[in-house]
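Engineer: Sharing entry16.pdb here; it has PDB, C-alpha atoms and all ligand atoms.
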MODEL        1
ATOM      1  CA  MET A   1      26.804  -0.970  13.719  1.00  0.00           C
ATOM      2  CA  THR A   2      26.187   0.269  10.172  1.00  0.00           C
ATOM      3  CA  GLY A   3      23.821  -2.108   8.432  1.00  0.00           C
ATOM      4  CA  THR A   4      22.166  -3.471  11.591  1.00  0.00           C
ATOM      5  CA  VAL A   5      19.034  -1.361  11.371  1.00  0.00           C
ATOM      6  CA  PRO A   6      18.209  -2.107   7.707  1.00  0.00           C
ATOM      7  CA  ASP A   7      18.785  -5.826   8.324  1.00  0.00           C
ATOM      8  CA  LEU A   8      16.419  -5.829  11.274  1.00  0.00           C
ATOM      9  CA  LYS A   9      13.826  -4.021   9.183  1.00  0.00           C
ATOM     10  CA  GLU A  10      14.129  -6.502   6.317  1.00  0.00           C
ATOM     11  CA  GLN A  11      13.790  -9.400   8.775  1.00  0.00           C
ATOM     12  CA  ALA A  12      10.734  -7.741  10.255  1.00  0.00           C
ATOM     13  CA  LYS A  13       9.116  -7.282   6.826  1.00  0.00           C
ATOM     14  CA  LYS A  14       9.737 -10.931   5.998  1.00  0.00           C
ATOM     15  CA  LYS A  15       8.328 -12.204   9.312  1.00  0.00           C
ATOM     16  CA  ALA A  16       5.146 -10.160   8.874  1.00  0.00           C
ATOM     17  CA  ALA A  17       4.706 -11.259   5.258  1.00  0.00           C
ATOM     18  CA  VAL A  18       5.261 -14.964   6.007  1.00  0.00           C
ATOM     19  CA  ALA A  19       2.854 -14.884   8.970  1.00  0.00           C
ATOM     20  CA  ALA A  20       0.112 -13.227   6.896  1.00  0.00           C
ATOM     21  CA  VAL A  21       0.500 -15.567   3.918  1.00  0.00           C
ATOM     22  CA  ASP A  22       0.522 -18.635   6.182  1.00  0.00           C
ATOM     23  CA  GLU A  23      -2.563 -17.531   8.047  1.00  0.00           C
ATOM     24  CA  HIS A  24      -4.704 -16.154   5.230  1.00  0.00           C
ATOM     25  CA  VAL A  25      -3.845 -17.924   1.978  1.00  0.00           C
ATOM     26  CA  LYS A  26      -5.804 -21.087   1.277  1.00  0.00           C
ATOM     27  CA  ASP A  27      -6.166 -23.399  -1.706  1.00  0.00           C
ATOM     28  CA  GLY A  28      -8.546 -22.142  -4.387  1.00  0.00           C
ATOM     29  CA  MET A  29      -8.305 -18.522  -3.345  1.00  0.00           C
ATOM     30  CA  ILE A  30      -8.471 -15.368  -5.422  1.00  0.00           C
ATOM     31  CA  LEU A  31      -5.763 -13.199  -3.861  1.00  0.00           C
ATOM     32  CA  GLY A  32      -4.930  -9.512  -4.322  1.00  0.00           C
ATOM     33  CA  VAL A  33      -1.178  -9.006  -4.454  1.00  0.00           C
ATOM     34  CA  GLY A  34      -0.065  -5.609  -3.160  1.00  0.00           C
ATOM     35  CA  SER A  35       2.956  -3.490  -4.024  1.00  0.00           C
ATOM     36  CA  GLY A  36       6.189  -2.520  -2.324  1.00  0.00           C
ATOM     37  CA  SER A  37       9.194  -4.193  -0.756  1.00  0.00           C
ATOM     38  CA  THR A  38       7.320  -6.145   1.954  1.00  0.00           C
ATOM     39  CA  ILE A  39       5.104  -7.763  -0.664  1.00  0.00           C
ATOM     40  CA  VAL A  40       8.176  -9.257  -2.314  1.00  0.00           C
ATOM     41  CA  TYR A  41       8.548 -11.437   0.815  1.00  0.00           C
ATOM     42  CA  ALA A  42       4.842 -12.339   0.712  1.00  0.00           C
ATOM     43  CA  VAL A  43       5.187 -13.468  -2.906  1.00  0.00           C
ATOM     44  CA  GLU A  44       8.325 -15.480  -2.019  1.00  0.00           C
ATOM     45  CA  ARG A  45       6.362 -17.296   0.677  1.00  0.00           C
ATOM     46  CA  LEU A  46       3.401 -17.797  -1.630  1.00  0.00           C
ATOM     47  CA  VAL A  47       5.678 -19.387  -4.231  1.00  0.00           C
ATOM     48  CA  GLU A  48       7.093 -21.762  -1.584  1.00  0.00           C
ATOM     49  CA  ARG A  49       3.609 -22.787  -0.487  1.00  0.00           C
ATOM     50  CA  VAL A  50       2.330 -23.202  -4.052  1.00  0.00           C
ATOM     51  CA  GLU A  51       5.275 -25.517  -4.800  1.00  0.00           C
ATOM     52  CA  GLN A  52       5.149 -27.467  -1.529  1.00  0.00           C
ATOM     53  CA  GLU A  53       1.387 -27.731  -1.043  1.00  0.00           C
ATOM     54  CA  LYS A  54       0.335 -27.579  -4.716  1.00  0.00           C
ATOM     55  CA  LEU A  55      -1.996 -24.689  -3.911  1.00  0.00           C
ATOM     56  CA  LYS A  56      -4.040 -23.149  -6.700  1.00  0.00           C
ATOM     57  CA  VAL A  57      -4.206 -19.434  -6.017  1.00  0.00           C
ATOM     58  CA  VAL A  58      -5.237 -16.855  -8.617  1.00  0.00           C
ATOM     59  CA  CYS A  59      -3.331 -13.610  -8.093  1.00  0.00           C
ATOM     60  CA  ILE A  60      -4.737 -10.168  -8.944  1.00  0.00           C
ATOM     61  CA  PRO A  61      -2.014  -7.499  -9.220  1.00  0.00           C
ATOM     62  CA  THR A  62      -2.281  -4.014  -7.719  1.00  0.00           C
ATOM     63  CA  SER A  63       0.472  -2.470  -9.870  1.00  0.00           C
ATOM     64  CA  PHE A  64       2.899  -3.129 -12.689  1.00  0.00           C
ATOM     65  CA  GLN A  65       5.413  -4.265 -10.054  1.00  0.00           C
ATOM     66  CA  ALA A  66       2.914  -6.802  -8.663  1.00  0.00           C
ATOM     67  CA  HIS A  67       2.051  -7.958 -12.191  1.00  0.00           C
ATOM     68  CA  GLN A  68       5.738  -8.589 -12.884  1.00  0.00           C
ATOM     69  CA  LEU A  69       6.224 -10.421  -9.580  1.00  0.00           C
ATOM     70  CA  ILE A  70       3.292 -12.716 -10.350  1.00  0.00           C
ATOM     71  CA  VAL A  71       4.436 -13.422 -13.915  1.00  0.00           C
ATOM     72  CA  GLN A  72       8.144 -13.843 -13.104  1.00  0.00           C
ATOM     73  CA  ASN A  73       7.317 -16.284 -10.308  1.00  0.00           C
ATOM     74  CA  LYS A  74       4.953 -18.248 -12.579  1.00  0.00           C
ATOM     75  CA  LEU A  75       1.982 -17.727 -10.279  1.00  0.00           C
ATOM     76  CA  LEU A  76      -1.538 -17.775 -11.765  1.00  0.00           C
ATOM     77  CA  LEU A  77      -2.345 -14.283 -13.041  1.00  0.00           C
ATOM     78  CA  GLY A  78      -5.968 -13.136 -12.906  1.00  0.00           C
ATOM     79  CA  SER A  79      -7.756  -9.867 -13.497  1.00  0.00           C
ATOM     80  CA  LEU A  80     -10.719  -7.977 -12.088  1.00  0.00           C
ATOM     81  CA  ASP A  81     -12.459  -8.533 -15.452  1.00  0.00           C
ATOM     82  CA  THR A  82     -12.741 -12.254 -14.830  1.00  0.00           C
ATOM     83  CA  THR A  83     -12.578 -12.377 -11.020  1.00  0.00           C
ATOM     84  CA  PRO A  84     -14.000  -9.153  -9.552  1.00  0.00           C
ATOM     85  CA  ILE A  85     -14.551 -10.660  -6.103  1.00  0.00           C
ATOM     86  CA  LEU A  86     -11.413 -11.558  -4.159  1.00  0.00           C
ATOM     87  CA  ASP A  87     -11.123 -13.675  -1.031  1.00  0.00           C
ATOM     88  CA  CYS A  88      -8.284 -11.614   0.365  1.00  0.00           C
ATOM     89  CA  ALA A  89      -5.800  -8.888  -0.558  1.00  0.00           C
ATOM     90  CA  ILE A  90      -2.392  -8.671   1.109  1.00  0.00           C
ATOM     91  CA  ASP A  91      -0.625  -5.330   0.833  1.00  0.00           C
ATOM     92  CA  GLY A  92       1.963  -3.130   2.508  1.00  0.00           C
ATOM     93  CA  ALA A  93       1.472   0.346   3.973  1.00  0.00           C
ATOM     94  CA  ASP A  94       3.485   3.460   4.717  1.00  0.00           C
ATOM     95  CA  GLU A  95       1.815   3.989   8.074  1.00  0.00           C
ATOM     96  CA  VAL A  96      -0.953   2.283  10.041  1.00  0.00           C
ATOM     97  CA  ASP A  97      -2.729   3.876  13.002  1.00  0.00           C
ATOM     98  CA  SER A  98      -4.420   2.120  15.910  1.00  0.00           C
ATOM     99  CA  ASP A  99      -7.794   2.163  14.053  1.00  0.00           C
ATOM    100  CA  LEU A 100      -6.161   0.543  11.005  1.00  0.00           C
ATOM    101  CA  THR A 101      -6.434   3.753   8.996  1.00  0.00           C
ATOM    102  CA  LEU A 102      -3.620   3.591   6.473  1.00  0.00           C
ATOM    103  CA  ILE A 103      -1.366   5.869   4.483  1.00  0.00           C
ATOM    104  CA  LYS A 104      -0.428   4.154   1.233  1.00  0.00           C
ATOM    105  CA  GLY A 105       1.086   5.216  -2.048  1.00  0.00           C
ATOM    106  CA  GLY A 106       4.743   5.595  -1.138  1.00  0.00           C
ATOM    107  CA  GLY A 107       5.332   3.693  -4.363  1.00  0.00           C
ATOM    108  CA  GLY A 108       2.590   5.624  -6.193  1.00  0.00           C
ATOM    109  CA  CYS A 109       0.286   2.599  -6.551  1.00  0.00           C
ATOM    110  CA  GLN A 110      -2.572   3.605  -4.251  1.00  0.00           C
ATOM    111  CA  THR A 111      -5.283   3.835  -6.920  1.00  0.00           C
ATOM    112  CA  GLN A 112      -5.010   0.265  -8.150  1.00  0.00           C
ATOM    113  CA  GLU A 113      -4.279  -0.921  -4.617  1.00  0.00           C
ATOM    114  CA  LYS A 114      -7.507   0.657  -3.404  1.00  0.00           C
ATOM    115  CA  ILE A 115      -9.561  -0.745  -6.285  1.00  0.00           C
ATOM    116  CA  VAL A 116      -8.263  -4.258  -5.620  1.00  0.00           C
ATOM    117  CA  ALA A 117      -8.703  -3.900  -1.840  1.00  0.00           C
ATOM    118  CA  SER A 118     -12.287  -2.709  -2.355  1.00  0.00           C
ATOM    119  CA  CYS A 119     -13.023  -5.945  -4.237  1.00  0.00           C
ATOM    120  CA  ALA A 120     -11.588  -8.161  -1.510  1.00  0.00           C
ATOM    121  CA  ARG A 121     -13.497  -9.725   1.358  1.00  0.00           C
ATOM    122  CA  LYS A 122     -10.575  -8.723   3.574  1.00  0.00           C
ATOM    123  CA  LEU A 123      -7.502  -6.524   3.313  1.00  0.00           C
ATOM    124  CA  VAL A 124      -4.533  -7.730   5.335  1.00  0.00           C
ATOM    125  CA  ILE A 125      -1.579  -5.376   5.840  1.00  0.00           C
ATOM    126  CA  VAL A 126       2.027  -6.502   6.203  1.00  0.00           C
ATOM    127  CA  ALA A 127       4.669  -4.096   7.460  1.00  0.00           C
ATOM    128  CA  ASP A 128       7.703  -3.660   9.657  1.00  0.00           C
ATOM    129  CA  TYR A 129       7.655  -2.029  13.087  1.00  0.00           C
ATOM    130  CA  THR A 130       8.403   1.466  11.744  1.00  0.00           C
ATOM    131  CA  LYS A 131       4.900   1.649  10.204  1.00  0.00           C
ATOM    132  CA  ASP A 132       3.020   0.985  13.441  1.00  0.00           C
ATOM    133  CA  SER A 133       1.670   4.247  14.927  1.00  0.00           C
ATOM    134  CA  LYS A 134      -0.979   5.385  17.334  1.00  0.00           C
ATOM    135  CA  THR A 135      -1.948   8.320  15.099  1.00  0.00           C
ATOM    136  CA  LEU A 136      -1.047   9.053  11.477  1.00  0.00           C
ATOM    137  CA  GLY A 137       1.913  11.361  11.053  1.00  0.00           C
ATOM    138  CA  GLU A 138       4.076   9.887  13.819  1.00  0.00           C
ATOM    139  CA  GLN A 139       6.332   8.291  11.220  1.00  0.00           C
ATOM    140  CA  TYR A 140       5.130   9.192   7.750  1.00  0.00           C
ATOM    141  CA  LYS A 141       4.410  12.866   7.204  1.00  0.00           C
ATOM    142  CA  LYS A 142       2.690  12.945   3.831  1.00  0.00           C
ATOM    143  CA  ILE A 143      -0.366  11.656   1.981  1.00  0.00           C
ATOM    144  CA  PRO A 144       0.281  10.610  -1.633  1.00  0.00           C
ATOM    145  CA  ILE A 145      -2.505  11.765  -3.976  1.00  0.00           C
ATOM    146  CA  GLU A 146      -2.792  10.612  -7.592  1.00  0.00           C
ATOM    147  CA  ILE A 147      -3.986  13.392  -9.882  1.00  0.00           C
ATOM    148  CA  ILE A 148      -4.656  14.088 -13.554  1.00  0.00           C
ATOM    149  CA  PRO A 149      -1.470  15.852 -14.758  1.00  0.00           C
ATOM    150  CA  LEU A 150      -2.978  19.197 -15.837  1.00  0.00           C
ATOM    151  CA  SER A 151      -4.616  19.640 -12.421  1.00  0.00           C
ATOM    152  CA  HIS A 152      -1.522  19.546 -10.241  1.00  0.00           C
ATOM    153  CA  VAL A 153      -1.376  23.286  -9.463  1.00  0.00           C
ATOM    154  CA  PRO A 154      -5.091  23.865  -8.720  1.00  0.00           C
ATOM    155  CA  VAL A 155      -5.413  20.629  -6.749  1.00  0.00           C
ATOM    156  CA  SER A 156      -2.343  21.525  -4.669  1.00  0.00           C
ATOM    157  CA  LEU A 157      -3.738  24.997  -3.948  1.00  0.00           C
ATOM    158  CA  LYS A 158      -7.144  23.657  -2.945  1.00  0.00           C
ATOM    159  CA  ILE A 159      -5.635  21.158  -0.526  1.00  0.00           C
ATOM    160  CA  SER A 160      -3.305  23.614   1.184  1.00  0.00           C
ATOM    161  CA  ASP A 161      -6.007  26.354   1.310  1.00  0.00           C
ATOM    162  CA  ARG A 162      -8.415  23.994   3.048  1.00  0.00           C
ATOM    163  CA  PHE A 163      -6.105  22.076   5.373  1.00  0.00           C
ATOM    164  CA  GLY A 164      -2.745  23.865   5.456  1.00  0.00           C
ATOM    165  CA  GLY A 165       0.508  21.991   5.142  1.00  0.00           C
ATOM    166  CA  LYS A 166       2.602  21.852   1.978  1.00  0.00           C
ATOM    167  CA  THR A 167       2.246  19.974  -1.273  1.00  0.00           C
ATOM    168  CA  GLN A 168       4.946  18.738  -3.576  1.00  0.00           C
ATOM    169  CA  LEU A 169       4.681  17.280  -7.050  1.00  0.00           C
ATOM    170  CA  ARG A 170       6.582  13.985  -6.828  1.00  0.00           C
ATOM    171  CA  MET A 171       9.641  14.100  -9.056  1.00  0.00           C
ATOM    172  CA  GLY A 172      11.554  11.154 -10.433  1.00  0.00           C
ATOM    173  CA  LYS A 173      15.132  10.298  -9.605  1.00  0.00           C
ATOM    174  CA  MET A 174      17.503  12.927 -11.064  1.00  0.00           C
ATOM    175  CA  LYS A 175      14.499  15.337 -10.974  1.00  0.00           C
ATOM    176  CA  ALA A 176      14.228  15.002 -14.759  1.00  0.00           C
ATOM    177  CA  GLY A 177      10.436  15.057 -14.639  1.00  0.00           C
ATOM    178  CA  PRO A 178       7.429  14.103 -12.528  1.00  0.00           C
ATOM    179  CA  VAL A 179       6.866  10.509 -11.474  1.00  0.00           C
ATOM    180  CA  VAL A 180       4.209   8.984 -13.722  1.00  0.00           C
ATOM    181  CA  SER A 181       1.884   6.426 -12.121  1.00  0.00           C
ATOM    182  CA  ASP A 182       0.880   3.092 -13.671  1.00  0.00           C
ATOM    183  CA  ASN A 183      -2.234   4.933 -14.866  1.00  0.00           C
ATOM    184  CA  GLY A 184      -0.321   7.727 -16.609  1.00  0.00           C
ATOM    185  CA  ASN A 185      -1.000  10.285 -13.868  1.00  0.00           C
ATOM    186  CA  PHE A 186       1.102  12.429 -11.507  1.00  0.00           C
ATOM    187  CA  ILE A 187       1.443  12.122  -7.730  1.00  0.00           C
ATOM    188  CA  ILE A 188       1.233  15.011  -5.272  1.00  0.00           C
ATOM    189  CA  ASP A 189       2.664  14.417  -1.795  1.00  0.00           C
ATOM    190  CA  TRP A 190       0.745  16.459   0.751  1.00  0.00           C
ATOM    191  CA  PHE A 191       2.811  17.157   3.881  1.00  0.00           C
ATOM    192  CA  PHE A 192      -0.112  17.534   6.240  1.00  0.00           C
ATOM    193  CA  PRO A 193      -0.140  19.681   9.391  1.00  0.00           C
ATOM    194  CA  GLU A 194      -0.350  18.173  12.880  1.00  0.00           C
ATOM    195  CA  GLY A 195      -3.646  17.707  14.669  1.00  0.00           C
ATOM    196  CA  ILE A 196      -5.832  16.078  11.996  1.00  0.00           C
ATOM    197  CA  THR A 197      -7.955  13.270  13.406  1.00  0.00           C
ATOM    198  CA  ASP A 198     -10.925  12.925  11.029  1.00  0.00           C
ATOM    199  CA  TRP A 199      -9.158  11.236   8.123  1.00  0.00           C
ATOM    200  CA  LYS A 200     -12.423  10.060   6.557  1.00  0.00           C
ATOM    201  CA  SER A 201     -13.558  13.679   6.038  1.00  0.00           C
ATOM    202  CA  VAL A 202     -10.127  14.671   4.757  1.00  0.00           C
ATOM    203  CA  HIS A 203     -10.188  11.828   2.239  1.00  0.00           C
ATOM    204  CA  GLU A 204     -13.755  12.680   1.147  1.00  0.00           C
ATOM    205  CA  TYR A 205     -12.935  16.380   0.694  1.00  0.00           C
ATOM    206  CA  ILE A 206      -9.796  15.747  -1.351  1.00  0.00           C
ATOM    207  CA  LYS A 207     -11.402  13.012  -3.430  1.00  0.00           C
ATOM    208  CA  LEU A 208     -14.076  15.479  -4.617  1.00  0.00           C
ATOM    209  CA  ILE A 209     -11.569  18.034  -5.963  1.00  0.00           C
ATOM    210  CA  PRO A 210     -11.707  17.871  -9.777  1.00  0.00           C
ATOM    211  CA  GLY A 211      -8.493  16.293 -11.013  1.00  0.00           C
ATOM    212  CA  VAL A 212      -8.006  14.006  -8.021  1.00  0.00           C
ATOM    213  CA  VAL A 213      -7.993  10.349  -8.986  1.00  0.00           C
ATOM    214  CA  GLU A 214      -7.383   8.777  -5.566  1.00  0.00           C
ATOM    215  CA  THR A 215      -5.865   9.530  -2.194  1.00  0.00           C
ATOM    216  CA  GLY A 216      -3.472   7.320  -0.270  1.00  0.00           C
ATOM    217  CA  LEU A 217      -5.790   7.381   2.753  1.00  0.00           C
ATOM    218  CA  PHE A 218      -7.411   3.989   3.346  1.00  0.00           C
ATOM    219  CA  VAL A 219     -10.141   4.445   5.950  1.00  0.00           C
ATOM    220  CA  ASN A 220     -12.152   1.456   7.216  1.00  0.00           C
ATOM    221  CA  MET A 221     -10.617  -0.850   4.653  1.00  0.00           C
ATOM    222  CA  ALA A 222      -8.023  -2.980   6.439  1.00  0.00           C
ATOM    223  CA  GLU A 223      -9.235  -5.866   8.562  1.00  0.00           C
ATOM    224  CA  MET A 224      -5.925  -6.802  10.103  1.00  0.00           C
ATOM    225  CA  ALA A 225      -2.265  -5.769  10.184  1.00  0.00           C
ATOM    226  CA  TYR A 226       0.840  -7.855  10.773  1.00  0.00           C
ATOM    227  CA  PHE A 227       3.875  -5.939  12.029  1.00  0.00           C
ATOM    228  CA  GLY A 228       7.252  -7.616  12.146  1.00  0.00           C
ATOM    229  CA  LEU A 229       8.994  -6.372  15.285  1.00  0.00           C
ATOM    230  CA  SER A 230      12.699  -5.747  15.837  1.00  0.00           C
ATOM    231  CA  ASP A 231      12.941  -8.706  18.268  1.00  0.00           C
ATOM    232  CA  GLY A 232      11.833 -11.137  15.543  1.00  0.00           C
ATOM    233  CA  SER A 233       8.255 -11.533  16.765  1.00  0.00           C
ATOM    234  CA  VAL A 234       5.102 -10.514  14.909  1.00  0.00           C
ATOM    235  CA  LYS A 235       2.418  -8.255  16.334  1.00  0.00           C
ATOM    236  CA  THR A 236      -1.128  -8.441  14.954  1.00  0.00           C
ATOM    237  CA  VAL A 237      -3.696  -5.676  15.207  1.00  0.00           C
TER     238      VAL A 237
HETATM  239  C1  LIG A 301       2.911   1.431  -2.747  1.00  0.00           C
HETATM  240  C2  LIG A 301       2.459   1.202  -1.358  1.00  0.00           C
HETATM  241  C3  LIG A 301       3.268   0.252  -0.535  1.00  0.00           C
HETATM  242  O1  LIG A 301       2.436  -0.753  -0.092  1.00  0.00           O
HETATM  243  C4  LIG A 301       3.859   1.009   0.628  1.00  0.00           C
HETATM  244  O2  LIG A 301       4.642   2.083   0.112  1.00  0.00           O
HETATM  245  C5  LIG A 301       4.715   0.124   1.512  1.00  0.00           C
HETATM  246  O3  LIG A 301       5.866  -0.284   0.839  1.00  0.00           O
HETATM  247  P1  LIG A 301       7.029  -1.112   1.549  1.00  0.00           P
HETATM  248  O4  LIG A 301       6.510  -2.488   1.789  1.00  0.00           O
HETATM  249  O5  LIG A 301       8.167  -1.051   0.567  1.00  0.00           O
HETATM  250  O6  LIG A 301       7.374  -0.400   2.843  1.00  0.00           O
HETATM  251  O7  LIG A 301       1.481   1.731  -0.887  1.00  0.00           O
HETATM  252  O8  LIG A 301       2.149   2.425  -3.365  1.00  0.00           O
ENDMDL
END
Using structure tokens, write down the structure that the file contains.
Ligand code: 5RP

Structural biologist:
Amino acid sequence: MTGTVPDLKEQAKKKAAVAAVDEHVKDGMILGVGSGSTIVYAVERLVERVEQEKLKVVCIPTSFQAHQLIVQNKLLLGSLDTTPILDCAIDGADEVDSDLTLIKGGGGCQTQEKIVASCARKLVIVADYTKDSKTLGEQYKKIPIEIIPLSHVPVSLKISDRFGGKTQLRMGKMKAGPVVSDNGNFIIDWFFPEGITDWKSVHEYIKLIPGVVETGLFVNMAEMAYFGLSDGSVKTV
């Protein structure tokens, strides 16, 4: 049975991404393109539709990865400088609760993702079934927080003093040094304790700590989520 679970998950990501692109992308749109592995399927579908339907869609990247995907697939690349109001942003998530509160930043891109999402008339999330939770923390146990490098020790202390849990500076593969974000910053992963329900207050508290650039908590931002399920269907919330 080795290999069955990852295949199902990949299928689920693709189903969710295709459904969201088919339902939300229209000709003439300014579209935010998220980051992560599920977005690769959304871009694939977008490319198919652009070729088949001759759609004109301007794509605003949320990360270096998204920028590369847009350029390599010869999609129209835009920027917030010239198009600061987007019709829609499609992005992945690390976990989504039943109120559509999100944990993002597994790939360290939450700051640009949040800026782009905040400029979009709607944020649509695409994910596989493992990201669908009633409450945050059922699947994903940490909140990624982008910070100015010199602040990583005091910020970590302030978060664990106030809320408990454990923080970890995200290290790169081989542990040769910290992961550096697209903005030249570090990422702290906060392994939060059980029982938190007011994520808006948690986000607001952390965001005000000097040195914090952005949290991976997206509260009241997503309008809709598409989850690919293991049976091949797609659930929308
Ligand atoms: C990157 C993100 C991604 O959207 C999130 O990690 C989901 O990625 P994937 O689609 O690979 O599961 O927030 O910072």

Engineer: How many Å separate CA of Leu8 (chain A) from CA of Ala222 (chain A)?

Structural biologist: 25.1 Å

Engineer: If the limit is 7 Å from any atom of ligand LIG 301 (chain A), counting all atoms listed in the file, which residues qualify? Return them as a list in words.

Structural biologist: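 Answer in the requested format: Gly34, Ser35, Gly36, Ser37, Thr38, Ile39, Asp91, Gly92, Ala93, Asp94, Lys104, Gly105, Gly106, Gly107, Gly108, Cys109, Gln110 and Ala127 of chain A.
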
Engineer: Work out how far apart CA of Phe191 (chain A) and CA of Ile148 (chain A) are and give it in Å to one decimal.

Structural biologist: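 Value for the CA of Phe191 (chain A)-CA of Ile148 (chain A) distance: 19.2 Å.
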
Engineer: Tell me, as number ranges by chain, which residues lie within 7 Å of Glu214 (chain A), counting only C-alpha atoms; anything in the same chain fewer than 5 positions away does not count.

Structural biologist: A: 111, 145-146, 207

Engineer: Please indicate the distance in Å from CA of Asp161 (chain A) to CA of Pro144 (chain A), rounded to one decimal place.

Structural biologist: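 A separation of 17.2 Å between them.
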
Engineer: Any chance you could work out the residue set of the PyMOL selection byres (((chain A and resi 47) around 12) and not hetatm) here, as a PyMOL selection string?

Structural biologist: chain A and resi 18+21-22+25+40-46+48-57+59+69-76

Engineer: Next, write the just-selected residues to a file, as a short mmCIF file (atom, residue, chain, number, x, y, z; two decimals), in the coordinates of the input, keeping C-alpha atoms as the atom set.

Structural biologist:
data_model
loop_
_atom_site.label_atom_id
_atom_site.label_comp_id
_atom_site.auth_asym_id
_atom_site.auth_seq_id
_atom_site.Cartn_x
_atom_site.Cartn_y
_atom_site.Cartn_z
CA VAL A 18 5.26 -14.96 6.01
CA VAL A 21 0.50 -15.57 3.92
CA ASP A 22 0.52 -18.64 6.18
CA VAL A 25 -3.84 -17.92 1.98
CA VAL A 40 8.18 -9.26 -2.31
CA TYR A 41 8.55 -11.44 0.82
CA ALA A 42 4.84 -12.34 0.71
CA VAL A 43 5.19 -13.47 -2.91
CA GLU A 44 8.32 -15.48 -2.02
CA ARG A 45 6.36 -17.30 0.68
CA LEU A 46 3.40 -17.80 -1.63
CA GLU A 48 7.09 -21.76 -1.58
CA ARG A 49 3.61 -22.79 -0.49
CA VAL A 50 2.33 -23.20 -4.05
CA GLU A 51 5.28 -25.52 -4.80
CA GLN A 52 5.15 -27.47 -1.53
CA GLU A 53 1.39 -27.73 -1.04
CA LYS A 54 0.34 -27.58 -4.72
CA LEU A 55 -2.00 -24.69 -3.91
CA LYS A 56 -4.04 -23.15 -6.70
CA VAL A 57 -4.21 -19.43 -6.02
CA CYS A 59 -3.33 -13.61 -8.09
CA LEU A 69 6.22 -10.42 -9.58
CA ILE A 70 3.29 -12.72 -10.35
CA VAL A 71 4.44 -13.42 -13.92
CA GLN A 72 8.14 -13.84 -13.10
CA ASN A 73 7.32 -16.28 -10.31
CA LYS A 74 4.95 -18.25 -12.58
CA LEU A 75 1.98 -17.73 -10.28
CA LEU A 76 -1.54 -17.77 -11.76
#

Engineer: Starting from 4 Å padding per side, set up an axis-aligned box that covers all listed atoms of region 49-62 of chain A and hand over centre and edge lengths in Å, one decimal, as JSON.

Structural biologist:
{"center_x": 0.0, "center_y": -15.9, "center_z": -4.9, "size_x": 18.5, "size_y": 31.7, "size_z": 16.7}

Engineer: Any idea what's packed within 9 Å of Ile196 (chain A), counting all atoms listed in the file, ignoring anything in its chain fewer than 4 positions away? Could you give it as a tab-separated table (two decimals) with C-alpha atoms, in the coordinates of the input?

Structural biologist:
chain	number	residue	atom	x	y	z
A	136	LEU	CA	-1.05	9.05	11.48
A	163	PHE	CA	-6.10	22.08	5.37
A	192	PHE	CA	-0.11	17.53	6.24
A	202	VAL	CA	-10.13	14.67	4.76
